[in-house]
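Engineer: Take a look at final16.pdb, PDB, C-alpha atoms and all ligand atoms:
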```pdb
ATOM      1  CA  MET U  16      63.060 110.682-104.313  1.00  0.00           C
ATOM      2  CA  ALA U  17      61.450 107.461-103.213  1.00  0.00           C
ATOM      3  CA  GLU U  18      57.676 107.436-103.451  1.00  0.00           C
ATOM      4  CA  LYS U  19      55.745 106.189-100.445  1.00  0.00           C
ATOM      5  CA  THR U  20      53.293 103.479-101.358  1.00  0.00           C
ATOM      6  CA  ASP U  21      49.530 104.036-101.383  1.00  0.00           C
ATOM      7  CA  THR U  22      48.112 101.188 -99.339  1.00  0.00           C
ATOM      8  CA  GLY U  23      44.560 102.500 -99.553  1.00  0.00           C
ATOM      9  CA  VAL U  24      43.560 100.330-102.509  1.00  0.00           C
ATOM     10  CA  GLN U  25      40.950  97.866-101.247  1.00  0.00           C
ATOM     11  CA  ASP U  26      40.573  95.312-103.955  1.00  0.00           C
ATOM     12  CA  ARG U  27      44.085  94.497-105.040  1.00  0.00           C
ATOM     13  CA  ARG U  28      45.565  91.187-103.964  1.00  0.00           C
ATOM     14  CA  LEU U  29      49.098  90.232-103.081  1.00  0.00           C
ATOM     15  CA  THR U  30      49.746  87.524-105.671  1.00  0.00           C
ATOM     16  CA  LEU U  31      53.507  87.102-105.690  1.00  0.00           C
ATOM     17  CA  ARG U  32      56.343  87.947-103.316  1.00  0.00           C
ATOM     18  CA  VAL U  33      59.971  87.408-104.263  1.00  0.00           C
ATOM     19  CA  VAL U  34      63.448  88.319-103.041  1.00  0.00           C
ATOM     20  CA  THR U  35      65.811  89.593-105.728  1.00  0.00           C
ATOM     21  CA  MET U  36      69.062  87.677-106.245  1.00  0.00           C
ATOM     22  CA  PRO U  37      72.434  88.497-107.864  1.00  0.00           C
ATOM     23  CA  ARG U  38      71.385  86.547-110.986  1.00  0.00           C
ATOM     24  CA  ASP U  39      68.575  89.114-111.530  1.00  0.00           C
ATOM     25  CA  THR U  40      70.852  92.140-111.846  1.00  0.00           C
ATOM     26  CA  ASN U  41      71.862  94.078-114.949  1.00  0.00           C
ATOM     27  CA  GLN U  42      75.222  95.694-115.658  1.00  0.00           C
ATOM     28  CA  TYR U  43      74.290  98.639-113.422  1.00  0.00           C
ATOM     29  CA  GLY U  44      73.707  96.513-110.355  1.00  0.00           C
ATOM     30  CA  THR U  45      69.948  97.046-110.321  1.00  0.00           C
ATOM     31  CA  ILE U  46      67.333  94.477-111.265  1.00  0.00           C
ATOM     32  CA  PHE U  47      66.873  93.757-114.965  1.00  0.00           C
ATOM     33  CA  GLY U  48      63.473  94.954-116.243  1.00  0.00           C
ATOM     34  CA  GLY U  49      62.849  91.642-118.002  1.00  0.00           C
ATOM     35  CA  VAL U  50      62.961  89.825-114.665  1.00  0.00           C
ATOM     36  CA  ILE U  51      60.239  92.080-113.297  1.00  0.00           C
ATOM     37  CA  LEU U  52      58.222  91.579-116.498  1.00  0.00           C
ATOM     38  CA  SER U  53      58.416  87.827-116.083  1.00  0.00           C
ATOM     39  CA  TYR U  54      57.035  88.075-112.550  1.00  0.00           C
ATOM     40  CA  ILE U  55      54.314  90.478-113.744  1.00  0.00           C
ATOM     41  CA  ASP U  56      53.281  87.845-116.283  1.00  0.00           C
ATOM     42  CA  GLN U  57      53.140  85.203-113.531  1.00  0.00           C
ATOM     43  CA  ALA U  58      51.153  87.496-111.219  1.00  0.00           C
ATOM     44  CA  GLY U  59      48.701  88.103-114.078  1.00  0.00           C
ATOM     45  CA  PHE U  60      48.301  84.357-114.509  1.00  0.00           C
ATOM     46  CA  VAL U  61      47.670  83.847-110.779  1.00  0.00           C
ATOM     47  CA  GLU U  62      44.967  86.522-110.860  1.00  0.00           C
ATOM     48  CA  ALA U  63      43.409  85.132-114.070  1.00  0.00           C
ATOM     49  CA  ARG U  64      43.192  81.631-112.596  1.00  0.00           C
ATOM     50  CA  ARG U  65      40.871  82.988-109.929  1.00  0.00           C
ATOM     51  CA  HIS U  66      38.319  83.412-112.714  1.00  0.00           C
ATOM     52  CA  GLY U  67      38.514  79.858-113.988  1.00  0.00           C
ATOM     53  CA  VAL U  68      40.682  76.753-113.853  1.00  0.00           C
ATOM     54  CA  HIS U  69      41.921  76.780-117.423  1.00  0.00           C
ATOM     55  CA  ARG U  70      45.032  77.282-119.450  1.00  0.00           C
ATOM     56  CA  TRP U  71      45.551  81.042-119.568  1.00  0.00           C
ATOM     57  CA  VAL U  72      47.845  82.735-122.055  1.00  0.00           C
ATOM     58  CA  THR U  73      48.980  86.339-122.135  1.00  0.00           C
ATOM     59  CA  ALA U  74      47.537  88.103-125.178  1.00  0.00           C
ATOM     60  CA  ALA U  75      48.929  91.559-124.492  1.00  0.00           C
ATOM     61  CA  ILE U  76      50.939  93.572-122.040  1.00  0.00           C
ATOM     62  CA  ASP U  77      49.538  97.001-122.749  1.00  0.00           C
ATOM     63  CA  ARG U  78      51.613  99.266-120.618  1.00  0.00           C
ATOM     64  CA  VAL U  79      54.541  98.894-118.295  1.00  0.00           C
ATOM     65  CA  GLU U  80      55.863 101.813-116.327  1.00  0.00           C
ATOM     66  CA  PHE U  81      59.159 101.442-114.504  1.00  0.00           C
ATOM     67  CA  LYS U  82      58.942 104.202-111.883  1.00  0.00           C
ATOM     68  CA  ALA U  83      61.935 103.393-109.699  1.00  0.00           C
ATOM     69  CA  PRO U  84      64.709 100.799-109.770  1.00  0.00           C
ATOM     70  CA  VAL U  85      64.553  97.531-107.865  1.00  0.00           C
ATOM     71  CA  HIS U  86      67.714  96.826-105.921  1.00  0.00           C
ATOM     72  CA  LEU U  87      69.515  93.612-105.132  1.00  0.00           C
ATOM     73  CA  GLY U  88      68.072  92.049-101.973  1.00  0.00           C
ATOM     74  CA  ASP U  89      64.782  93.939-102.124  1.00  0.00           C
ATOM     75  CA  THR U  90      61.626  91.984-101.351  1.00  0.00           C
ATOM     76  CA  VAL U  91      59.302  92.640-104.273  1.00  0.00           C
ATOM     77  CA  ASN U  92      55.527  92.433-103.887  1.00  0.00           C
ATOM     78  CA  PHE U  93      53.231  92.016-106.890  1.00  0.00           C
ATOM     79  CA  TYR U  94      49.646  93.164-106.333  1.00  0.00           C
ATOM     80  CA  ALA U  95      46.984  92.230-108.902  1.00  0.00           C
ATOM     81  CA  ARG U  96      43.508  93.558-109.550  1.00  0.00           C
ATOM     82  CA  THR U  97      41.091  92.507-112.299  1.00  0.00           C
ATOM     83  CA  VAL U  98      39.961  95.657-114.077  1.00  0.00           C
ATOM     84  CA  ARG U  99      37.949  94.057-116.895  1.00  0.00           C
ATOM     85  CA  ALA U 100      36.295  90.669-117.312  1.00  0.00           C
ATOM     86  CA  GLY U 101      35.156  89.774-120.826  1.00  0.00           C
ATOM     87  CA  THR U 102      34.054  86.453-122.289  1.00  0.00           C
ATOM     88  CA  SER U 103      37.324  84.606-122.654  1.00  0.00           C
ATOM     89  CA  SER U 104      39.691  87.335-121.480  1.00  0.00           C
ATOM     90  CA  VAL U 105      40.429  89.367-118.387  1.00  0.00           C
ATOM     91  CA  THR U 106      42.516  92.501-118.029  1.00  0.00           C
ATOM     92  CA  VAL U 107      44.641  92.694-114.920  1.00  0.00           C
ATOM     93  CA  ALA U 108      46.405  95.695-113.423  1.00  0.00           C
ATOM     94  CA  ILE U 109      49.625  94.915-111.590  1.00  0.00           C
ATOM     95  CA  GLU U 110      51.277  97.157-109.049  1.00  0.00           C
ATOM     96  CA  VAL U 111      54.799  96.277-108.002  1.00  0.00           C
ATOM     97  CA  GLU U 112      56.311  97.489-104.762  1.00  0.00           C
ATOM     98  CA  ALA U 113      59.823  96.949-103.443  1.00  0.00           C
ATOM     99  CA  GLU U 114      60.650  96.653 -99.769  1.00  0.00           C
ATOM    100  CA  ARG U 115      64.174  98.013 -99.619  1.00  0.00           C
ATOM    101  CA  PHE U 116      66.733  95.574 -98.250  1.00  0.00           C
ATOM    102  CA  THR U 117      68.632  98.309 -96.450  1.00  0.00           C
ATOM    103  CA  SER U 118      65.843 100.474 -94.996  1.00  0.00           C
ATOM    104  CA  GLY U 119      62.663  98.384 -95.156  1.00  0.00           C
ATOM    105  CA  GLU U 120      61.007 101.321 -96.905  1.00  0.00           C
ATOM    106  CA  THR U 121      58.250 100.369 -99.361  1.00  0.00           C
ATOM    107  CA  VAL U 122      58.519 101.986-102.784  1.00  0.00           C
ATOM    108  CA  ALA U 123      56.166 101.750-105.791  1.00  0.00           C
ATOM    109  CA  VAL U 124      58.504 100.606-108.566  1.00  0.00           C
ATOM    110  CA  THR U 125      56.437  99.350-111.504  1.00  0.00           C
ATOM    111  CA  ALA U 126      52.879  99.347-112.827  1.00  0.00           C
ATOM    112  CA  ALA U 127      51.531  97.301-115.711  1.00  0.00           C
ATOM    113  CA  SER U 128      48.339  96.191-117.388  1.00  0.00           C
ATOM    114  CA  LEU U 129      47.955  92.891-119.198  1.00  0.00           C
ATOM    115  CA  THR U 130      45.241  90.852-120.870  1.00  0.00           C
ATOM    116  CA  LEU U 131      45.058  87.095-120.467  1.00  0.00           C
ATOM    117  CA  VAL U 132      42.876  84.733-122.456  1.00  0.00           C
ATOM    118  CA  ALA U 133      41.511  81.348-121.352  1.00  0.00           C
ATOM    119  CA  VAL U 134      42.197  78.744-124.007  1.00  0.00           C
ATOM    120  CA  GLY U 135      41.267  75.114-124.490  1.00  0.00           C
ATOM    121  CA  ALA U 136      43.653  72.249-125.192  1.00  0.00           C
ATOM    122  CA  ASP U 137      43.636  73.297-128.849  1.00  0.00           C
ATOM    123  CA  GLY U 138      44.870  76.781-127.961  1.00  0.00           C
ATOM    124  CA  ARG U 139      41.612  78.463-129.007  1.00  0.00           C
ATOM    125  CA  PRO U 140      39.815  80.933-126.704  1.00  0.00           C
ATOM    126  CA  ILE U 141      37.081  79.522-124.470  1.00  0.00           C
ATOM    127  CA  PRO U 142      34.610  81.255-122.107  1.00  0.00           C
ATOM    128  CA  PHE U 143      36.445  81.373-118.787  1.00  0.00           C
ATOM    129  CA  ARG U 144      33.211  80.964-116.837  1.00  0.00           C
ATOM    130  CA  SER U 145      32.945  77.406-118.176  1.00  0.00           C
ATOM    131  CA  PRO U 146      33.781  74.468-115.851  1.00  0.00           C
ATOM    132  CA  PRO U 147      37.468  73.638-115.349  1.00  0.00           C
ATOM    133  CA  THR U 148      39.185  72.504-118.524  1.00  0.00           C
ATOM    134  CA  VAL U 149      42.432  71.363-116.944  1.00  0.00           C
ATOM    135  CA  SER U 150      42.296  67.963-115.322  1.00  0.00           C
ATOM    136  CA  GLU U 151      44.545  66.019-112.995  1.00  0.00           C
ATOM    137  CA  GLY U 152      47.629  64.626-114.672  1.00  0.00           C
ATOM    138  CA  GLU U 153      47.724  67.448-117.220  1.00  0.00           C
ATOM    139  CA  GLY U 154      50.345  69.495-115.430  1.00  0.00           C
ATOM    140  CA  PRO U 155      53.424  70.970-117.082  1.00  0.00           C
ATOM    141  CA  GLY U 156      55.783  68.309-118.292  1.00  0.00           C
ATOM    142  CA  VAL U 157      53.048  65.691-118.286  1.00  0.00           C
ATOM    143  CA  LYS U 158      52.542  64.322-121.764  1.00  0.00           C
ATOM    144  CA  SER U 159      48.898  64.707-122.769  1.00  0.00           C
ATOM    145  CA  ALA U 160      46.982  62.332-124.963  1.00  0.00           C
ATOM    146  CA  PRO U 161      47.660  62.710-128.686  1.00  0.00           C
ATOM    147  CA  GLY U 162      45.389  65.236-130.344  1.00  0.00           C
ATOM    148  CA  PRO U 163      45.287  68.555-132.108  1.00  0.00           C
ATOM    149  CA  GLY U 164      46.718  71.757-130.728  1.00  0.00           C
ATOM    150  CA  PRO U 165      50.052  73.214-129.810  1.00  0.00           C
ATOM    151  CA  GLY U 166      50.163  71.742-126.283  1.00  0.00           C
ATOM    152  CA  LEU U 167      50.458  75.063-124.446  1.00  0.00           C
TER     153      LEU U 167
HETATM  154  C1  LIG T 201      45.639  85.079-127.220  1.00  0.00           C
HETATM  155  C2  LIG T 201      45.068  84.241-128.366  1.00  0.00           C
HETATM  156  C3  LIG T 201      44.604  82.872-127.823  1.00  0.00           C
HETATM  157  C4  LIG T 201      43.864  84.998-128.916  1.00  0.00           C
HETATM  158  O1  LIG T 201      43.372  84.265-129.990  1.00  0.00           O
HETATM  159  P1  LIG T 201      42.384  84.983-131.063  1.00  0.00           P
HETATM  160  O2  LIG T 201      41.872  83.936-131.973  1.00  0.00           O
HETATM  161  O3  LIG T 201      43.072  86.158-131.644  1.00  0.00           O
HETATM  162  O4  LIG T 201      41.242  85.463-130.097  1.00  0.00           O
HETATM  163  P2  LIG T 201      39.878  86.178-130.427  1.00  0.00           P
HETATM  164  O5  LIG T 201      40.017  87.225-131.481  1.00  0.00           O
HETATM  165  O6  LIG T 201      38.822  85.123-130.614  1.00  0.00           O
HETATM  166  O7  LIG T 201      39.604  86.938-129.028  1.00  0.00           O
HETATM  167  C5  LIG T 201      39.418  86.192-127.835  1.00  0.00           C
HETATM  168  C6  LIG T 201      39.524  87.131-126.668  1.00  0.00           C
HETATM  169  O8  LIG T 201      40.886  87.573-126.524  1.00  0.00           O
HETATM  170  C7  LIG T 201      40.945  88.985-126.550  1.00  0.00           C
HETATM  171  N1  LIG T 201      42.168  89.367-127.266  1.00  0.00           N
HETATM  172  C8  LIG T 201      42.698  88.756-128.347  1.00  0.00           C
HETATM  173  N2  LIG T 201      43.837  89.377-128.708  1.00  0.00           N
HETATM  174  C9  LIG T 201      44.003  90.404-127.834  1.00  0.00           C
HETATM  175  C10 LIG T 201      44.987  91.422-127.701  1.00  0.00           C
HETATM  176  N3  LIG T 201      46.031  91.514-128.522  1.00  0.00           N
HETATM  177  N4  LIG T 201      44.856  92.293-126.691  1.00  0.00           N
HETATM  178  C11 LIG T 201      43.810  92.230-125.826  1.00  0.00           C
HETATM  179  N5  LIG T 201      42.861  91.259-125.904  1.00  0.00           N
HETATM  180  C12 LIG T 201      42.946  90.384-126.909  1.00  0.00           C
HETATM  181  C13 LIG T 201      39.690  89.421-127.304  1.00  0.00           C
HETATM  182  O9  LIG T 201      39.314  90.742-126.968  1.00  0.00           O
HETATM  183  C14 LIG T 201      38.691  88.394-126.799  1.00  0.00           C
HETATM  184  O10 LIG T 201      38.246  88.749-125.497  1.00  0.00           O
HETATM  185  P3  LIG T 201      36.756  88.379-124.959  1.00  0.00           P
HETATM  186  O11 LIG T 201      36.480  86.945-125.327  1.00  0.00           O
HETATM  187  O12 LIG T 201      36.845  88.557-123.479  1.00  0.00           O
HETATM  188  O13 LIG T 201      35.812  89.314-125.635  1.00  0.00           O
HETATM  189  C15 LIG T 201      46.115  84.037-129.495  1.00  0.00           C
HETATM  190  O14 LIG T 201      46.421  85.277-130.078  1.00  0.00           O
HETATM  191  C16 LIG T 201      47.389  83.383-128.974  1.00  0.00           C
HETATM  192  O15 LIG T 201      47.454  82.177-128.791  1.00  0.00           O
HETATM  193  N6  LIG T 201      48.443  84.208-128.727  1.00  0.00           N
HETATM  194  C17 LIG T 201      49.679  83.702-128.154  1.00  0.00           C
HETATM  195  C18 LIG T 201      49.579  83.649-126.630  1.00  0.00           C
HETATM  196  C19 LIG T 201      50.908  83.266-126.006  1.00  0.00           C
HETATM  197  O16 LIG T 201      51.538  82.330-126.417  1.00  0.00           O
HETATM  198  N7  LIG T 201      51.299  84.038-124.996  1.00  0.00           N
HETATM  199  C20 LIG T 201      52.564  83.870-124.371  1.00  0.00           C
HETATM  200  C21 LIG T 201      53.561  84.735-125.059  1.00  0.00           C
HETATM  201  S1  LIG T 201      55.138  83.947-125.186  1.00  0.00           S
END
```
Could you render the structure as structure tokens?
Structural biologist:
Amino acid sequence: MAEKTDTGVQDRRLTLRVVTMPRDTNQYGTIFGGVILSYIDQAGFVEARRHGVHRWVTAAIDRVEFKAPVHLGDTVNFYARTVRAGTSSVTVAIEVEAERFTSGETVAVTAASLTLVAVGADGRPIPFRSPPTVSEGEGPGVKSAPGPGPGL
């Protein structure tokens, strides 16, 4: 039976909101778990960036619980909450809720926890409380100046 969402959590933030499309479905007609995982990763990044304007990489996705399927046409909301802030890393809890296309009912579908690490241009961890390390003109697809590092 569908679980009604707990909206009492104060400190979580709506970080991502998407509508599921036919391309997202698996062979059963529900949404492929990997698609949800990809959005969870993005939501984690959005939350991590609040702590510092740096390159952030995902070090670990500790636990993912798929509680209920996501259906085609559902609007899916990704809520993020920082649960631990270290030196170069933060741990973010993600709660995923689906607004059913047919009924509008909100259902808790997935929960996950992931750790993201702020890294410098060389790909090594840096304290995320340091001043921004990403400058204008360094966006994705923009070729950076020659130098060491993997070019994350
Ligand atoms: C994440 C990464 C930068 C960590 O580098 P590292 O040299 O192992 O890092 P360190 O041991 O110095 O630890 C740095 C911080 O990351 C945390 N960390 C590192 N590996 C971790 C893991 N597997 N799980 C949780 N936290 C981790 C450490 O606890 C530490 O946190 P703190 O500074 O807040 O105390 C490195 O492993 C990496 O580049 N991984 C690939 C990331 C990536 O490409 N992600 C996308 C997947 S396609």
Engineer: U:Ala100, U:Val61, U:Leu87, U:Val111: which is nearest Ala123 in chain U, counting all atoms listed in the file?
Structural biologist: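 Answer, going by the shortest atom-to-atom distance: U:Val111.
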Engineer: Counting only C-alpha atoms and all ligand atoms, what are the residues, protein, DNA or RNA alike, that approach ligand LIG 201 (chain T) to within 12 Å? I want them as an MDAnalysis selection string.
Structural biologist: chainID U and resid 52:53 56:57 59:60 63 70:78 99:107 128:144 164:167
Engineer: Could you spell out the hits of the PyMOL selection byres (((chain U and resi 29) around 10) and not hetatm) on the shown file, as an mmCIF file with C-alpha atoms, keeping the file's coordinate frame?
Structural biologist:
```cif
data_model
loop_
_atom_site.group_PDB
_atom_site.id
_atom_site.type_symbol
_atom_site.label_atom_id
_atom_site.label_comp_id
_atom_site.auth_asym_id
_atom_site.auth_seq_id
_atom_site.Cartn_x
_atom_site.Cartn_y
_atom_site.Cartn_z
ATOM 1 C CA ASP U 26 40.573 95.312 -103.955
ATOM 2 C CA ARG U 27 44.085 94.497 -105.040
ATOM 3 C CA ARG U 28 45.565 91.187 -103.964
ATOM 4 C CA THR U 30 49.746 87.524 -105.671
ATOM 5 C CA LEU U 31 53.507 87.102 -105.690
ATOM 6 C CA ARG U 32 56.343 87.947 -103.316
ATOM 7 C CA ALA U 58 51.153 87.496 -111.219
ATOM 8 C CA GLU U 62 44.967 86.522 -110.860
ATOM 9 C CA ASN U 92 55.527 92.433 -103.887
ATOM 10 C CA PHE U 93 53.231 92.016 -106.890
ATOM 11 C CA TYR U 94 49.646 93.164 -106.333
ATOM 12 C CA ALA U 95 46.984 92.230 -108.902
ATOM 13 C CA ARG U 96 43.508 93.558 -109.550
ATOM 14 C CA ILE U 109 49.625 94.915 -111.590
ATOM 15 C CA GLU U 110 51.277 97.157 -109.049
ATOM 16 C CA VAL U 111 54.799 96.277 -108.002
#
```
Engineer: Applied to the shown file, which residues does the PyMOL selection byres (((chain U and resi 125) around 9) and not hetatm) return, written as a list in words?
Structural biologist: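 Applied to this file, the PyMOL selection byres (((chain U and resi 125) around 9) and not hetatm) selects Ile51, Val79, Glu80, Phe81, Lys82, Ala83, Pro84, Ile109, Glu110, Val111, Glu112, Ala123, Val124, Ala126 and Ala127 of chain U.
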Engineer: What's around Gly44 in chain U at 9 Å? Count all atoms listed in the file, leave out sequence neighbours fewer than 3 positions away in its own chain, and write the answer as a PyMOL selection string.
Structural biologist: chain U and resi 37+40-41+47+86-87
Engineer: Interatomic distance between CA of Val122 in chain U and CA of Arg65 in chain U?
Structural biologist: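 Spanning CA of Val122 in chain U to CA of Arg65 in chain U is a straight-line distance of 26.9 Å.
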Engineer: In Å, how far is it from CA of Thr121 in chain U to CA of Gly48 in chain U?
Structural biologist: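 Going from CA of Thr121 in chain U over to CA of Gly48 in chain U, I get 18.5 Å.
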Engineer: Can you work out which one of U:Arg115, U:Met36, U:Ile55, U:Val68 has the shortest atom-to-atom distance to Thr148 in chain U, counting only C-alpha atoms?
Structural biologist: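 Ranked by minimum distance to Thr148 in chain U, first place goes to U:Val68.
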Engineer: What's the separation between CA of Tyr43 in chain U and CA of Ser118 in chain U, in Å to one decimal place?
Structural biologist: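 Straight-line distance from CA of Tyr43 in chain U to CA of Ser118 in chain U works out to 20.4 Å.
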Engineer: Take the PyMOL selection byres (((chain U and resi 33) around 6) and not hetatm), run it mentally on this structure, and tell me the resulting residues as a ChimeraX atom specification.
Structural biologist: /U:32,34,90-91
Engineer: Given 4 Å on each side, where is the centre and what are the edge lengths in Å to one decimal of the axis-aligned box enclosing the listed atoms of range 87-100 of chain U, as lines of an AutoDock Vina configuration file?
Structural biologist:
```
center_x = 52.9
center_y = 93.2
center_z = -109.3
size_x = 41.2
size_y = 13.0
size_z = 24.0
```
Engineer: Determine the nearest neighbour of Phe116 in chain U from the options U:Val98, U:Val50, U:Ser145, U:Val85, counting all atoms listed in the file.
Structural biologist: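 Comparing U:Val98, U:Val50, U:Ser145, U:Val85 against Phe116 in chain U, the winner is U:Val85.
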